[in-house]
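Encoded as structure tokens, the structure appears first; notes follow it.
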Amino acid sequence: MIATGIQIAYLSSAALFVLALRALGQPTTARRGMQMAAFGMLVAVCATLVDQRIVSYEWLIVGLVAGGLIGYPLGMWVPMTAMPQRIAFSHAFGALAATLVGVGEYLHGFHEETLSHGQTVALGFEVFFGALTVTGSLMAFGKLQELLPGAPITFRGQNVFNLALFAAGVVCLVWLVVSPYDTAFFIAILAIGLAVGVLMVLPIGGADMPVVVSLLNSYAGLAAVATGFALDNNILIVVGALDGASGFILSMAMSKAMNRSFANVLFGAFGAETGGADAAQDGVAGEMMPIDADDAALRLAFARRVIIVPGYGLAVAQAQHQVRELADLLEKRDVDVRFAIHPVAGRMPGHMNVLLAEAGISYDKLFDMEDINERFSDADVALVIGANDVVNPAARTNRSSPIYGMPILNVQDAKSVIVLKRGRGKGFSGVENELFVSPKTSMLFGDAKQSINKLCAEVKQA
Amino acid sequence: MTSTAIIQLFVFLLAGFVGFQTISRIPPLLHTPLMAATNAISGISLVASLVLAGADQSLLSTVLGTIAVGCATANVVGGFLITDRMLAMFKPARLEAKEQMSS
């Protein structure tokens with residue numbers, strides 16, 4: 001009787017989760033939807049607490065309280081600019097929970113001698129994907145938080161080594177299925193999973209992080225699915241599948257936005273190749289033209305249409321509030337201000353949208369690449385703030401460029417371009433940018449926050 | 001293969017399909033909240049952790065289970081809070097204009 005009740009509770013929370021994801025399709029309904037999902041979670045947890053397999057509650061309370069105490073600051077105090085690393089970090093948490101459950105269930109089955117072949121496959125998968133996601137996410141976190149060097153780290157024979165290790169993991173898994181009580185192989189799977197996670201993220205550079213973070217999202221989902229199979233728990237399977245689908249869709253979208261295959265992102269070690277940079281240099285000739293803040297401000301103030309293109313530099317400088325002030329000032333002068341958001345601008349899917357929303361810019365002004373690309377030719381000024389590769393015309397014209405073929409924002413079509421840039425160096429991928437030396441383009445060097453502050457002050461006086 | 005395993009595969013297949021269809025419709029505007037949301041929802045592994053921590057199988061299982069409960073709870077609590085915080089920031093133009101008038 002109780003067991004049936006629990007299953008029905010799980011069923012209703014699964015329905016709530018699906019409805020919540022549906023509500024997430026529109027900004028107007030999204031918030032209500034997530035409140036429904038939170039309610040669904042509460043239902044599932046309360047139902048589990050009456051499960052008859054649970055005999056003592058002391059440790060549960062310890063875990064729940066500790067988790068709540070860790071979770072609250074993770075939810076309320078983390079600034080929006082730190083969102084990519086925050087997400088990567090919590091992927092590690094989720095995967096750690098799945099891995100520990102996998103280990104615990106294996107131990108239980110081992111002692112009770114109830115391990116079936118099917119359950120062992122599921123537990124092996126769970127521990128492998130879980131362990132890989134834990135260390136992979138921590139590596140991604142380290143790179144995003146700049147605790148680790150953001151540039152790709154490569155060594156000779158890296159891909160061969162990684163694939164061999166992965167294959168070894170698969171062999172261990174097969175062996176474990178044949179003989180479920182060989183604990184050494186279970187431990188080997190765990191260890192290989194942990195190692196693969198580190199090695200997988202090592203050669204991936206900062207600009208490719210959106211793909212990796214989404215992919216880890218997908219793996220965390222697969223670990224949850226495996227947990228569901230091992231424990232015969234349908235809600236875990238459903239939620240894991242939703243999570244896996246979400247991660248998969250996002251990584252596909254990100255790869256497509258960079259015109260690169262999954263394999264290329266994972267094995268390509270973008271930006272490490274010196275050959276690519278040499279080749280790209282041929283196409284770039286000419287000098288960057290610097291501009292003063294007052295000239296730039298005049299151009300903006302007397303424009304009719306301005307398109308602002310934010311990039312990762314905006315997040316680094318944390319200049320989103322200044323950008324909003326500038327946009328407000330321009331709008332008061334009846335300038336039409338829009339924002340053009342490239343799918344891979346920033347370090348995670350939708351990164352720029354969240355930052356600009358935080359500054360209070362309404363989402364009607366944020367346009368996706370396909371929707372705004374035709375409008376650049378009407379724009380008087382395109383203001384590029386800390387973006388580089390996503391506006392690099394070499395992606396269209398220069399076949400030898402490493403980013404050739406990547407869809408870009410048509411900034412070069414605007415009547416004039418102002419680029420805010422920290423210094424004269426190359427972008428994150430190490431690729432030269434022809435846009436910056438084009439006669440249309442003026443460069444405003446300096447920290448984005450200070451530059452925009454100056455622009456605001458000058459626009460006020462204009 | 002047992003019949004439970006077959007049913008589980010059915011559930012997985014259908015949930016994956018529903019997930020794929022639903023999530024494909026989410027605009028890039030909301031992709032970061034989507035990641036935070038799936039992260040919070042994936043804290044559902046809490047239900048498995050609770051059973052492991054409370055079943056009193058062995059000391060090691062209880063310790064592993066308790067850590068898992070802690071991690072999953074942190075994800076649930078932190079995940080839902082941060083998603084809500086993010087979604088509260090997404091405002092359409094009309095609302096924004098109203099707020100400016102009142103302030």
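Residues in the structure tokens are named by chain (A, B, ... in the order shown) and by number from 1 within that chain; ligands are numbered from 1 in the order shown.
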Q.
At a cut-off of 8 Å, using only C-alpha atoms, what residues contact Ala131 of chain A? Leave out same-chain residues fewer than 5 positions from it and give the result as a ChimeraX atom specification.
A. /A:95-96,99,190-191,193-194,197
Q.
What's around segment 65-74 of chain B at 7 Å? Count only C-alpha atoms, leave out sequence neighbours fewer than 4 positions away in its own chain, and write the answer as a PyMOL selection string.
A. (chain A and resi 59-60+63-64+66-68+70-71+93-94+96-97+100-101) or (chain B and resi 43+45-46+49-50+52-53+61+78)
If you run DSSP on this backbone, which residues of segment 245-419 of chain A come out as alpha helix (DSSP H), and could you give them as a PDB file with N, CA and C atoms, in the first residue's frame?
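So the final result, stored in part.pdb, reads:
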ATOM      1  N   ALA A 245      18.818  14.655 -22.169  1.00  0.00           N
ATOM      2  CA  ALA A 245      18.333  15.275 -23.404  1.00  0.00           C
ATOM      3  C   ALA A 245      18.696  16.748 -23.416  1.00  0.00           C
ATOM      4  N   SER A 246      18.535  17.406 -22.280  1.00  0.00           N
ATOM      5  CA  SER A 246      18.838  18.828 -22.214  1.00  0.00           C
ATOM      6  C   SER A 246      20.316  19.079 -22.495  1.00  0.00           C
ATOM      7  N   GLY A 247      21.178  18.306 -21.842  1.00  0.00           N
ATOM      8  CA  GLY A 247      22.612  18.472 -22.070  1.00  0.00           C
ATOM      9  C   GLY A 247      22.979  18.201 -23.510  1.00  0.00           C
ATOM     10  N   PHE A 248      22.349  17.172 -24.087  1.00  0.00           N
ATOM     11  CA  PHE A 248      22.642  16.797 -25.466  1.00  0.00           C
ATOM     12  C   PHE A 248      22.225  17.913 -26.427  1.00  0.00           C
ATOM     13  N   ILE A 249      21.011  18.428 -26.227  1.00  0.00           N
ATOM     14  CA  ILE A 249      20.522  19.497 -27.114  1.00  0.00           C
ATOM     15  C   ILE A 249      21.418  20.720 -27.018  1.00  0.00           C
ATOM     16  N   LEU A 250      21.784  21.089 -25.796  1.00  0.00           N
ATOM     17  CA  LEU A 250      22.628  22.268 -25.628  1.00  0.00           C
ATOM     18  C   LEU A 250      23.999  22.058 -26.263  1.00  0.00           C
ATOM     19  N   SER A 251      24.590  20.871 -26.077  1.00  0.00           N
ATOM     20  CA  SER A 251      25.916  20.708 -26.678  1.00  0.00           C
ATOM     21  C   SER A 251      25.827  20.696 -28.196  1.00  0.00           C
ATOM     22  N   MET A 252      24.743  20.129 -28.739  1.00  0.00           N
ATOM     23  CA  MET A 252      24.568  20.174 -30.193  1.00  0.00           C
ATOM     24  C   MET A 252      24.469  21.621 -30.664  1.00  0.00           C
ATOM     25  N   ALA A 253      23.647  22.407 -29.948  1.00  0.00           N
ATOM     26  CA  ALA A 253      23.456  23.804 -30.346  1.00  0.00           C
ATOM     27  C   ALA A 253      24.779  24.562 -30.302  1.00  0.00           C
ATOM     28  N   MET A 254      25.565  24.302 -29.262  1.00  0.00           N
ATOM     29  CA  MET A 254      26.843  24.995 -29.125  1.00  0.00           C
ATOM     30  C   MET A 254      27.816  24.577 -30.223  1.00  0.00           C
ATOM     31  N   SER A 255      27.894  23.273 -30.481  1.00  0.00           N
ATOM     32  CA  SER A 255      28.807  22.809 -31.524  1.00  0.00           C
ATOM     33  C   SER A 255      28.407  23.414 -32.866  1.00  0.00           C
ATOM     34  N   LYS A 256      27.097  23.454 -33.118  1.00  0.00           N
ATOM     35  CA  LYS A 256      26.616  23.992 -34.381  1.00  0.00           C
ATOM     36  C   LYS A 256      26.989  25.468 -34.485  1.00  0.00           C
ATOM     37  N   ALA A 257      26.885  26.186 -33.391  1.00  0.00           N
ATOM     38  CA  ALA A 257      27.194  27.611 -33.405  1.00  0.00           C
ATOM     39  C   ALA A 257      28.678  27.861 -33.621  1.00  0.00           C
ATOM     40  N   PHE A 262      31.271  17.486 -32.358  1.00  0.00           N
ATOM     41  CA  PHE A 262      31.589  17.075 -31.000  1.00  0.00           C
ATOM     42  C   PHE A 262      33.034  16.625 -30.899  1.00  0.00           C
ATOM     43  N   ALA A 263      33.379  15.717 -31.818  1.00  0.00           N
ATOM     44  CA  ALA A 263      34.703  15.097 -31.783  1.00  0.00           C
ATOM     45  C   ALA A 263      35.778  16.168 -31.876  1.00  0.00           C
ATOM     46  N   ASN A 264      35.520  17.156 -32.741  1.00  0.00           N
ATOM     47  CA  ASN A 264      36.511  18.208 -32.928  1.00  0.00           C
ATOM     48  C   ASN A 264      36.713  19.018 -31.648  1.00  0.00           C
ATOM     49  N   VAL A 265      35.617  19.295 -30.949  1.00  0.00           N
ATOM     50  CA  VAL A 265      35.747  20.052 -29.705  1.00  0.00           C
ATOM     51  C   VAL A 265      36.520  19.244 -28.673  1.00  0.00           C
ATOM     52  N   LEU A 266      36.186  17.953 -28.588  1.00  0.00           N
ATOM     53  CA  LEU A 266      36.772  17.131 -27.541  1.00  0.00           C
ATOM     54  C   LEU A 266      38.222  16.773 -27.828  1.00  0.00           C
ATOM     55  N   PHE A 267      38.563  16.604 -29.102  1.00  0.00           N
ATOM     56  CA  PHE A 267      39.911  16.138 -29.411  1.00  0.00           C
ATOM     57  C   PHE A 267      40.743  17.205 -30.113  1.00  0.00           C
ATOM     58  N   GLY A 268      40.142  18.344 -30.442  1.00  0.00           N
ATOM     59  CA  GLY A 268      40.816  19.310 -31.294  1.00  0.00           C
ATOM     60  C   GLY A 268      41.835  20.181 -30.591  1.00  0.00           C
ATOM     61  N   THR A 274      49.959  26.038 -33.221  1.00  0.00           N
ATOM     62  CA  THR A 274      50.623  27.257 -33.652  1.00  0.00           C
ATOM     63  C   THR A 274      50.425  27.459 -35.142  1.00  0.00           C
ATOM     64  N   GLY A 275      50.239  26.357 -35.870  1.00  0.00           N
ATOM     65  CA  GLY A 275      50.078  26.442 -37.315  1.00  0.00           C
ATOM     66  C   GLY A 275      48.895  27.310 -37.697  1.00  0.00           C
ATOM     67  N   GLY A 276      47.805  27.157 -36.969  1.00  0.00           N
ATOM     68  CA  GLY A 276      46.586  27.900 -37.284  1.00  0.00           C
ATOM     69  C   GLY A 276      46.803  29.398 -37.193  1.00  0.00           C
ATOM     70  N   ALA A 277      47.503  29.825 -36.167  1.00  0.00           N
ATOM     71  CA  ALA A 277      47.707  31.253 -35.959  1.00  0.00           C
ATOM     72  C   ALA A 277      48.567  31.838 -37.082  1.00  0.00           C
ATOM     73  N   ASP A 278      49.590  31.080 -37.506  1.00  0.00           N
ATOM     74  CA  ASP A 278      50.440  31.551 -38.607  1.00  0.00           C
ATOM     75  C   ASP A 278      49.620  31.758 -39.856  1.00  0.00           C
ATOM     76  N   ALA A 279      48.808  30.769 -40.164  1.00  0.00           N
ATOM     77  CA  ALA A 279      48.021  30.828 -41.384  1.00  0.00           C
ATOM     78  C   ALA A 279      47.076  32.017 -41.343  1.00  0.00           C
ATOM     79  N   ALA A 280      46.510  32.276 -40.171  1.00  0.00           N
ATOM     80  CA  ALA A 280      45.526  33.341 -40.072  1.00  0.00           C
ATOM     81  C   ALA A 280      46.168  34.708 -40.250  1.00  0.00           C
ATOM     82  N   GLN A 281      47.454  34.786 -39.919  1.00  0.00           N
ATOM     83  CA  GLN A 281      48.089  36.086 -39.982  1.00  0.00           C
ATOM     84  C   GLN A 281      48.200  36.628 -41.409  1.00  0.00           C
ATOM     85  N   ASP A 282      48.266  35.729 -42.403  1.00  0.00           N
ATOM     86  CA  ASP A 282      48.405  36.197 -43.784  1.00  0.00           C
ATOM     87  C   ASP A 282      47.279  37.148 -44.157  1.00  0.00           C
ATOM     88  N   ALA A 293      37.092  58.264 -26.136  1.00  0.00           N
ATOM     89  CA  ALA A 293      35.746  58.030 -25.634  1.00  0.00           C
ATOM     90  C   ALA A 293      34.787  59.125 -26.088  1.00  0.00           C
ATOM     91  N   ASP A 294      35.231  60.387 -26.142  1.00  0.00           N
ATOM     92  CA  ASP A 294      34.274  61.447 -26.503  1.00  0.00           C
ATOM     93  C   ASP A 294      33.834  61.343 -27.966  1.00  0.00           C
ATOM     94  N   ASP A 295      34.767  60.978 -28.867  1.00  0.00           N
ATOM     95  CA  ASP A 295      34.369  60.784 -30.261  1.00  0.00           C
ATOM     96  C   ASP A 295      33.385  59.621 -30.394  1.00  0.00           C
ATOM     97  N   ALA A 296      33.728  58.538 -29.708  1.00  0.00           N
ATOM     98  CA  ALA A 296      32.864  57.361 -29.775  1.00  0.00           C
ATOM     99  C   ALA A 296      31.478  57.693 -29.245  1.00  0.00           C
ATOM    100  N   ALA A 297      31.442  58.447 -28.141  1.00  0.00           N
ATOM    101  CA  ALA A 297      30.155  58.804 -27.543  1.00  0.00           C
ATOM    102  C   ALA A 297      29.332  59.661 -28.492  1.00  0.00           C
ATOM    103  N   LEU A 298      29.982  60.574 -29.189  1.00  0.00           N
ATOM    104  CA  LEU A 298      29.250  61.414 -30.152  1.00  0.00           C
ATOM    105  C   LEU A 298      28.638  60.568 -31.247  1.00  0.00           C
ATOM    106  N   ARG A 299      29.430  59.613 -31.724  1.00  0.00           N
ATOM    107  CA  ARG A 299      28.917  58.752 -32.786  1.00  0.00           C
ATOM    108  C   ARG A 299      27.681  57.989 -32.330  1.00  0.00           C
ATOM    109  N   LEU A 300      27.742  57.501 -31.079  1.00  0.00           N
ATOM    110  CA  LEU A 300      26.598  56.749 -30.541  1.00  0.00           C
ATOM    111  C   LEU A 300      25.405  57.677 -30.337  1.00  0.00           C
ATOM    112  N   ALA A 301      25.682  58.854 -29.780  1.00  0.00           N
ATOM    113  CA  ALA A 301      24.589  59.755 -29.410  1.00  0.00           C
ATOM    114  C   ALA A 301      23.822  60.247 -30.637  1.00  0.00           C
ATOM    115  N   TYR A 312      32.441  37.699 -23.999  1.00  0.00           N
ATOM    116  CA  TYR A 312      32.926  37.270 -22.698  1.00  0.00           C
ATOM    117  C   TYR A 312      33.608  38.413 -21.941  1.00  0.00           C
ATOM    118  N   GLY A 313      34.233  39.341 -22.692  1.00  0.00           N
ATOM    119  CA  GLY A 313      34.897  40.478 -22.058  1.00  0.00           C
ATOM    120  C   GLY A 313      33.955  41.280 -21.161  1.00  0.00           C
ATOM    121  N   LEU A 314      32.684  41.321 -21.553  1.00  0.00           N
ATOM    122  CA  LEU A 314      31.684  42.020 -20.739  1.00  0.00           C
ATOM    123  C   LEU A 314      31.537  41.341 -19.379  1.00  0.00           C
ATOM    124  N   ALA A 315      31.519  40.008 -19.407  1.00  0.00           N
ATOM    125  CA  ALA A 315      31.388  39.266 -18.156  1.00  0.00           C
ATOM    126  C   ALA A 315      32.627  39.440 -17.295  1.00  0.00           C
ATOM    127  N   VAL A 316      33.807  39.432 -17.942  1.00  0.00           N
ATOM    128  CA  VAL A 316      35.043  39.572 -17.183  1.00  0.00           C
ATOM    129  C   VAL A 316      35.094  40.935 -16.501  1.00  0.00           C
ATOM    130  N   ALA A 317      34.708  41.981 -17.253  1.00  0.00           N
ATOM    131  CA  ALA A 317      34.753  43.325 -16.692  1.00  0.00           C
ATOM    132  C   ALA A 317      33.554  43.595 -15.783  1.00  0.00           C
ATOM    133  N   GLN A 320      27.918  44.838 -17.007  1.00  0.00           N
ATOM    134  CA  GLN A 320      26.542  44.772 -17.510  1.00  0.00           C
ATOM    135  C   GLN A 320      25.676  45.948 -17.048  1.00  0.00           C
ATOM    136  N   HIS A 321      25.904  46.451 -15.809  1.00  0.00           N
ATOM    137  CA  HIS A 321      25.083  47.566 -15.330  1.00  0.00           C
ATOM    138  C   HIS A 321      25.420  48.856 -16.074  1.00  0.00           C
ATOM    139  N   GLN A 322      26.717  49.037 -16.377  1.00  0.00           N
ATOM    140  CA  GLN A 322      27.128  50.208 -17.151  1.00  0.00           C
ATOM    141  C   GLN A 322      26.534  50.154 -18.547  1.00  0.00           C
ATOM    142  N   VAL A 323      26.476  48.966 -19.128  1.00  0.00           N
ATOM    143  CA  VAL A 323      25.899  48.820 -20.466  1.00  0.00           C
ATOM    144  C   VAL A 323      24.432  49.227 -20.439  1.00  0.00           C
ATOM    145  N   ARG A 324      23.747  48.816 -19.394  1.00  0.00           N
ATOM    146  CA  ARG A 324      22.341  49.182 -19.293  1.00  0.00           C
ATOM    147  C   ARG A 324      22.183  50.695 -19.205  1.00  0.00           C
ATOM    148  N   GLU A 325      23.055  51.329 -18.427  1.00  0.00           N
ATOM    149  CA  GLU A 325      22.972  52.781 -18.277  1.00  0.00           C
ATOM    150  C   GLU A 325      23.171  53.454 -19.638  1.00  0.00           C
ATOM    151  N   LEU A 326      24.182  52.942 -20.364  1.00  0.00           N
ATOM    152  CA  LEU A 326      24.452  53.500 -21.688  1.00  0.00           C
ATOM    153  C   LEU A 326      23.239  53.315 -22.598  1.00  0.00           C
ATOM    154  N   ALA A 327      22.661  52.108 -22.574  1.00  0.00           N
ATOM    155  CA  ALA A 327      21.500  51.844 -23.432  1.00  0.00           C
ATOM    156  C   ALA A 327      20.349  52.773 -23.060  1.00  0.00           C
ATOM    157  N   ASP A 328      20.130  52.987 -21.757  1.00  0.00           N
ATOM    158  CA  ASP A 328      19.049  53.879 -21.313  1.00  0.00           C
ATOM    159  C   ASP A 328      19.273  55.300 -21.799  1.00  0.00           C
ATOM    160  N   LEU A 329      20.518  55.766 -21.650  1.00  0.00           N
ATOM    161  CA  LEU A 329      20.834  57.132 -22.081  1.00  0.00           C
ATOM    162  C   LEU A 329      20.573  57.297 -23.576  1.00  0.00           C
ATOM    163  N   LEU A 330      21.002  56.288 -24.344  1.00  0.00           N
ATOM    164  CA  LEU A 330      20.819  56.373 -25.791  1.00  0.00           C
ATOM    165  C   LEU A 330      19.346  56.349 -26.147  1.00  0.00           C
ATOM    166  N   GLU A 331      18.590  55.513 -25.439  1.00  0.00           N
ATOM    167  CA  GLU A 331      17.160  55.413 -25.746  1.00  0.00           C
ATOM    168  C   GLU A 331      16.432  56.713 -25.432  1.00  0.00           C
ATOM    169  N   LYS A 332      16.896  57.409 -24.409  1.00  0.00           N
ATOM    170  CA  LYS A 332      16.296  58.707 -24.098  1.00  0.00           C
ATOM    171  C   LYS A 332      16.490  59.678 -25.254  1.00  0.00           C
ATOM    172  N   HIS A 351      24.713  32.675 -21.499  1.00  0.00           N
ATOM    173  CA  HIS A 351      25.453  33.447 -20.500  1.00  0.00           C
ATOM    174  C   HIS A 351      25.148  34.955 -20.597  1.00  0.00           C
ATOM    175  N   MET A 352      25.215  35.501 -21.827  1.00  0.00           N
ATOM    176  CA  MET A 352      25.018  36.945 -22.025  1.00  0.00           C
ATOM    177  C   MET A 352      23.595  37.366 -21.671  1.00  0.00           C
ATOM    178  N   ASN A 353      22.633  36.525 -22.036  1.00  0.00           N
ATOM    179  CA  ASN A 353      21.236  36.856 -21.734  1.00  0.00           C
ATOM    180  C   ASN A 353      21.028  37.058 -20.243  1.00  0.00           C
ATOM    181  N   VAL A 354      21.630  36.150 -19.466  1.00  0.00           N
ATOM    182  CA  VAL A 354      21.445  36.240 -18.019  1.00  0.00           C
ATOM    183  C   VAL A 354      22.099  37.500 -17.466  1.00  0.00           C
ATOM    184  N   LEU A 355      23.300  37.807 -17.969  1.00  0.00           N
ATOM    185  CA  LEU A 355      23.996  38.996 -17.469  1.00  0.00           C
ATOM    186  C   LEU A 355      23.194  40.256 -17.770  1.00  0.00           C
ATOM    187  N   LEU A 356      22.701  40.359 -19.015  1.00  0.00           N
ATOM    188  CA  LEU A 356      21.974  41.564 -19.391  1.00  0.00           C
ATOM    189  C   LEU A 356      20.637  41.634 -18.671  1.00  0.00           C
ATOM    190  N   ALA A 357      20.022  40.482 -18.459  1.00  0.00           N
ATOM    191  CA  ALA A 357      18.771  40.467 -17.704  1.00  0.00           C
ATOM    192  C   ALA A 357      19.028  40.920 -16.279  1.00  0.00           C
ATOM    193  N   GLU A 358      20.171  40.520 -15.724  1.00  0.00           N
ATOM    194  CA  GLU A 358      20.492  40.929 -14.355  1.00  0.00           C
ATOM    195  C   GLU A 358      20.572  42.450 -14.261  1.00  0.00           C
ATOM    196  N   MET A 369      21.155  35.420 -32.955  1.00  0.00           N
ATOM    197  CA  MET A 369      21.931  35.699 -34.156  1.00  0.00           C
ATOM    198  C   MET A 369      21.078  35.696 -35.426  1.00  0.00           C
ATOM    199  N   GLU A 370      20.229  34.689 -35.618  1.00  0.00           N
ATOM    200  CA  GLU A 370      19.463  34.596 -36.873  1.00  0.00           C
ATOM    201  C   GLU A 370      18.508  35.778 -37.006  1.00  0.00           C
ATOM    202  N   ASP A 371      18.013  36.270 -35.873  1.00  0.00           N
ATOM    203  CA  ASP A 371      17.000  37.319 -35.939  1.00  0.00           C
ATOM    204  C   ASP A 371      17.594  38.693 -36.205  1.00  0.00           C
ATOM    205  N   ILE A 372      18.859  38.869 -35.889  1.00  0.00           N
ATOM    206  CA  ILE A 372      19.381  40.226 -35.985  1.00  0.00           C
ATOM    207  C   ILE A 372      20.408  40.387 -37.099  1.00  0.00           C
ATOM    208  N   ALA A 394      36.836  36.495 -40.646  1.00  0.00           N
ATOM    209  CA  ALA A 394      37.663  35.408 -41.169  1.00  0.00           C
ATOM    210  C   ALA A 394      36.885  34.097 -41.198  1.00  0.00           C
ATOM    211  N   ALA A 395      35.894  33.976 -40.315  1.00  0.00           N
ATOM    212  CA  ALA A 395      35.084  32.765 -40.295  1.00  0.00           C
ATOM    213  C   ALA A 395      34.350  32.587 -41.624  1.00  0.00           C
ATOM    214  N   ARG A 396      34.107  33.692 -42.348  1.00  0.00           N
ATOM    215  CA  ARG A 396      33.452  33.623 -43.652  1.00  0.00           C
ATOM    216  C   ARG A 396      34.456  33.518 -44.779  1.00  0.00           C
ATOM    217  N   THR A 397      35.568  34.298 -44.654  1.00  0.00           N
ATOM    218  CA  THR A 397      36.396  34.547 -45.822  1.00  0.00           C
ATOM    219  C   THR A 397      37.694  33.752 -45.844  1.00  0.00           C
TER     220      THR A 397
END
Q) Could you write out, as a PyMOL selection string, all the residues of segment 333-406 of chain A that DSSP marks as strand (DSSP E)? A) chain A and resi 336-341+366-368+381-385
Could you dump the residues just selected with N, CA and C atoms as a PDB file, in the first residue's frame?
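Saved to result.pdb:
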ATOM      1  N   ASP A 336      17.567  53.763 -31.412  1.00  0.00           N
ATOM      2  CA  ASP A 336      17.050  52.401 -31.329  1.00  0.00           C
ATOM      3  C   ASP A 336      18.207  51.480 -30.927  1.00  0.00           C
ATOM      4  N   VAL A 337      18.145  50.932 -29.708  1.00  0.00           N
ATOM      5  CA  VAL A 337      19.236  50.101 -29.208  1.00  0.00           C
ATOM      6  C   VAL A 337      18.791  48.650 -29.147  1.00  0.00           C
ATOM      7  N   ARG A 338      19.580  47.777 -29.755  1.00  0.00           N
ATOM      8  CA  ARG A 338      19.314  46.348 -29.671  1.00  0.00           C
ATOM      9  C   ARG A 338      20.579  45.621 -29.282  1.00  0.00           C
ATOM     10  N   PHE A 339      20.398  44.417 -28.778  1.00  0.00           N
ATOM     11  CA  PHE A 339      21.546  43.597 -28.408  1.00  0.00           C
ATOM     12  C   PHE A 339      21.566  42.363 -29.290  1.00  0.00           C
ATOM     13  N   ALA A 340      22.738  42.039 -29.819  1.00  0.00           N
ATOM     14  CA  ALA A 340      22.891  40.857 -30.657  1.00  0.00           C
ATOM     15  C   ALA A 340      23.654  39.806 -29.881  1.00  0.00           C
ATOM     16  N   ILE A 341      23.017  38.667 -29.656  1.00  0.00           N
ATOM     17  CA  ILE A 341      23.629  37.646 -28.815  1.00  0.00           C
ATOM     18  C   ILE A 341      24.016  36.447 -29.658  1.00  0.00           C
ATOM     19  N   LEU A 366      16.908  41.721 -26.548  1.00  0.00           N
ATOM     20  CA  LEU A 366      17.979  40.755 -26.782  1.00  0.00           C
ATOM     21  C   LEU A 366      17.611  39.889 -27.979  1.00  0.00           C
ATOM     22  N   PHE A 367      18.438  39.901 -29.009  1.00  0.00           N
ATOM     23  CA  PHE A 367      18.100  39.169 -30.226  1.00  0.00           C
ATOM     24  C   PHE A 367      19.106  38.060 -30.482  1.00  0.00           C
ATOM     25  N   ASP A 368      18.587  36.907 -30.926  1.00  0.00           N
ATOM     26  CA  ASP A 368      19.471  35.819 -31.315  1.00  0.00           C
ATOM     27  C   ASP A 368      20.106  36.141 -32.655  1.00  0.00           C
ATOM     28  N   VAL A 381      25.771  52.262 -35.924  1.00  0.00           N
ATOM     29  CA  VAL A 381      26.944  51.882 -35.150  1.00  0.00           C
ATOM     30  C   VAL A 381      26.725  50.485 -34.570  1.00  0.00           C
ATOM     31  N   ALA A 382      27.723  49.633 -34.715  1.00  0.00           N
ATOM     32  CA  ALA A 382      27.741  48.375 -33.971  1.00  0.00           C
ATOM     33  C   ALA A 382      28.784  48.523 -32.881  1.00  0.00           C
ATOM     34  N   LEU A 383      28.356  48.344 -31.639  1.00  0.00           N
ATOM     35  CA  LEU A 383      29.263  48.515 -30.512  1.00  0.00           C
ATOM     36  C   LEU A 383      29.621  47.131 -29.984  1.00  0.00           C
ATOM     37  N   VAL A 384      30.867  46.704 -30.207  1.00  0.00           N
ATOM     38  CA  VAL A 384      31.300  45.368 -29.803  1.00  0.00           C
ATOM     39  C   VAL A 384      31.988  45.483 -28.448  1.00  0.00           C
ATOM     40  N   ILE A 385      31.452  44.796 -27.458  1.00  0.00           N
ATOM     41  CA  ILE A 385      32.029  44.891 -26.113  1.00  0.00           C
ATOM     42  C   ILE A 385      32.640  43.558 -25.723  1.00  0.00           C
TER      43      ILE A 385
END
Q) What is the atom CA of Ile408 of chain A to atom CA of Ala387 of chain A distance in Å? A)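 Between these atoms lies a distance of 11.1 Å.
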(Q) Between B:Ile82, B:Val63, B:Met35, B:Val18, which residue has the minimum interatomic distance to chain A, considering only C-alpha atoms? (A)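 Smallest distance to chain A is found for B:Ile82.
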Q.
To one decimal place in Å, what is the distance between atom CA of Met76 of chain A and atom CA of Val47 of chain B?
A.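 Interatomic distance here is 24.0 Å.
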Q | Computed interatomic separation between atom CA of Ala55 of chain B and atom CA of Arg53 of chain A (Å) | A |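 Atom CA of Arg53 of chain A lies 5.5 Å from atom CA of Ala55 of chain B.
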Q.
So that I can check the surroundings of segment 11-16 of chain B, please list as a count of residues only every protein, DNA and RNA residue that reaches within 12 Å of it, counting only C-alpha atoms and ignoring chain neighbours fewer than 3 positions away.
A. 42
Q.
Between A:Val177, A:Ala230, A:Leu199, A:Met443, which residue has the minimum interatomic distance to chain B, considering only C-alpha atoms?
A.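 The closest residue to chain B is A:Ala230.
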